[in-house]
Each structure stands twice: as C-alpha cells, then as structure tokens.
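*Asks:* Below is a structure I'd like to ask you about.
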Amino acid sequence: MIRLHGFAVSNYYNKVKLVLLEKGLAFEEVYNRASKDPATLELSPLGKIPFIETEHGPLSESQVIVDYLEELQPSPSLLPVDPWQRAKIRELVTYLETHVELTARRLYPQAFFGGSVSDHVLTQTRDDLIKVITAFGKLARFGPYLAGNQFSYADCAGLVHLPLVSMATKAVYGEDLMAAFPIRDYLKLLGERPSVQRVNADRKAALAPK
Ligand SMILES: N[C@@H](CCC(=O)N[C@@H](CS)C(=O)NCC(=O)O)C(=O)O
C-alpha cells in the first residue's frame, strides 16, 4: 500500500491526497512535518513533503507523484486523452505552482506564521505577483473547472493553492491580488466532491486547537 508522508495542512500534501482519493487508491497517511532527520532525507532528499513510499521505493515532488499515480492507475483519469490538452493542463499547473504559489510563499511567514517580511521583499513580491498572476490568468479557464469543462488534476492543485495565495495577499497587502478570479464559486463547486470534503475536514481537524 502507498504510504503518503506529510501533514494535513500542507497544500502540496493535500494535492497528492486528493489525487489518491479521486482515484480510489488505497493509501496510509504518515505524519511528517518536513523533518530533516536522516531517515526522512533518505526518502525525500530535500526533506520536503509530500513524498510517498511505494513497493518500489520512495518518490518525492508532488507533481512527479501525481504523474506516477496517473500512470499507475489511469482510471478514473484526471487528464484528458488528447496529448495537447494534457500538455496544456501541465502548463497551467506549472504556472500556478512554479510561478504563482512559489512567489506568494515569500509572504507566508508574515501572512500565516506571525513573522515579518522586509518592506523591500514585500514591494518586490507584489510586483512579481502581479506579473505571474496576470500570466496565470491567461491560461486559467474556470469553465467551471480550472482548465475547462472537466475536472482534472489542475483542480487538485487549484483547490489547495488558490485560496492560500488569495489569503496571503489579503493578509499582507490588505488587497486580494486574486480578486479577478471566481475563487469562491470555484471552491463551492469543488466542495461537492467527497475527496475535497475529506481533505477539508482533515485540514480543519489538524488546525483545531488541541
Ligand atoms: N516542489 C515541492 C514543494 C513541496 C513543499 O514546498 N512542501 C513544503 C510543505 S507545503 C515543505 O516541505 N516545506 C519544508 C521545506 O521546504 O523544507 C512539491 O511539489 O512537492
């Protein structure tokens, strides 16, 4: 059985968990807060989560894991059949993660963890975010799903990253830099799926005061 390492508040962890749930693959969750202990580094060389343990060995990097799961169990598919459409979905996810989410991540210490980020970084990040969010907007469809009229693994990424980026910019700049997108309606639509309900419930439980 696949063992998924990470924790229920992590956006990248939840992306992989959604894919596992959507595909109906059996998996076990292993709590790991991105530990840098030698045992974890053997499984995920940068100590990042999520990573999975399989019968063949460990695999890290969420998008690599998602691609592996798609090939391991093609049905139900989270990608269209057409190679061009598949590539366009990968393009969209890359813009969302490598450009938008990774840039917004600079804000997280101040937005979510009680830290502070220098004025210089805040100003630079705002400029960078406007650029990458505009670029992402040229690819995103919200029609009603992120890549068009079918649920795909772009939505497993959209569900976990879009609200986070929106919240971070609101918290730090007092302005939602994602306001141009219909995120509320989009999240409502995705919230009808049992996989999303499970991920949201587990995140809520993990955030609840102990
Ligand atoms: N590119 C990685 C990003 C994963 C990532 O940044 N995970 C965060 C938790 S959400 C983490 O492990 N942070 C701790 C660290 O970077 O050492 C992926 O897609 O899996």
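Every chain in the structure tokens has a letter given in the order shown (A, B, ...), and although residue numbers restart at 1 in each chain, ligands are simply numbered from 1 in the order shown.
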Could you report the residues within 10 Å of ligand 1, using only C-alpha atoms and all ligand atoms, as a count of residues only?
*Replies:* 37
*Asks:* If we count only C-alpha atoms, what is near segment 19-29 of chain A at a cut-off of 7 Å, once residues fewer than 5 positions away on the same chain are taken out, given as a ChimeraX atom specification?
*Replies:* /A:1-5,66,75-76,156,195
*Asks:* Write out as a PyMOL selection string the residues lying within 10 Å of segment 136-149 of chain A, counting only C-alpha atoms and excluding same-chain residues fewer than 3 positions away.
*Replies:* chain A and resi 85+88-97+99-100+130-133+152-159+178+180-183+185-187+189-190
*Asks:* Record the distance separating atom CA of Arg184 of chain A and atom CA of Gln110 of chain A, expressed in Å with one decimal.
*Replies:* 23.5 Å
*Asks:* For the structure I just gave you, how does DSSP split segment 5-210 of chain A - specifically, which residues are strand (DSSP E)? Reply as a PyMOL selection string.
*Replies:* chain A and resi 5-6+27-31+51-54+57-60
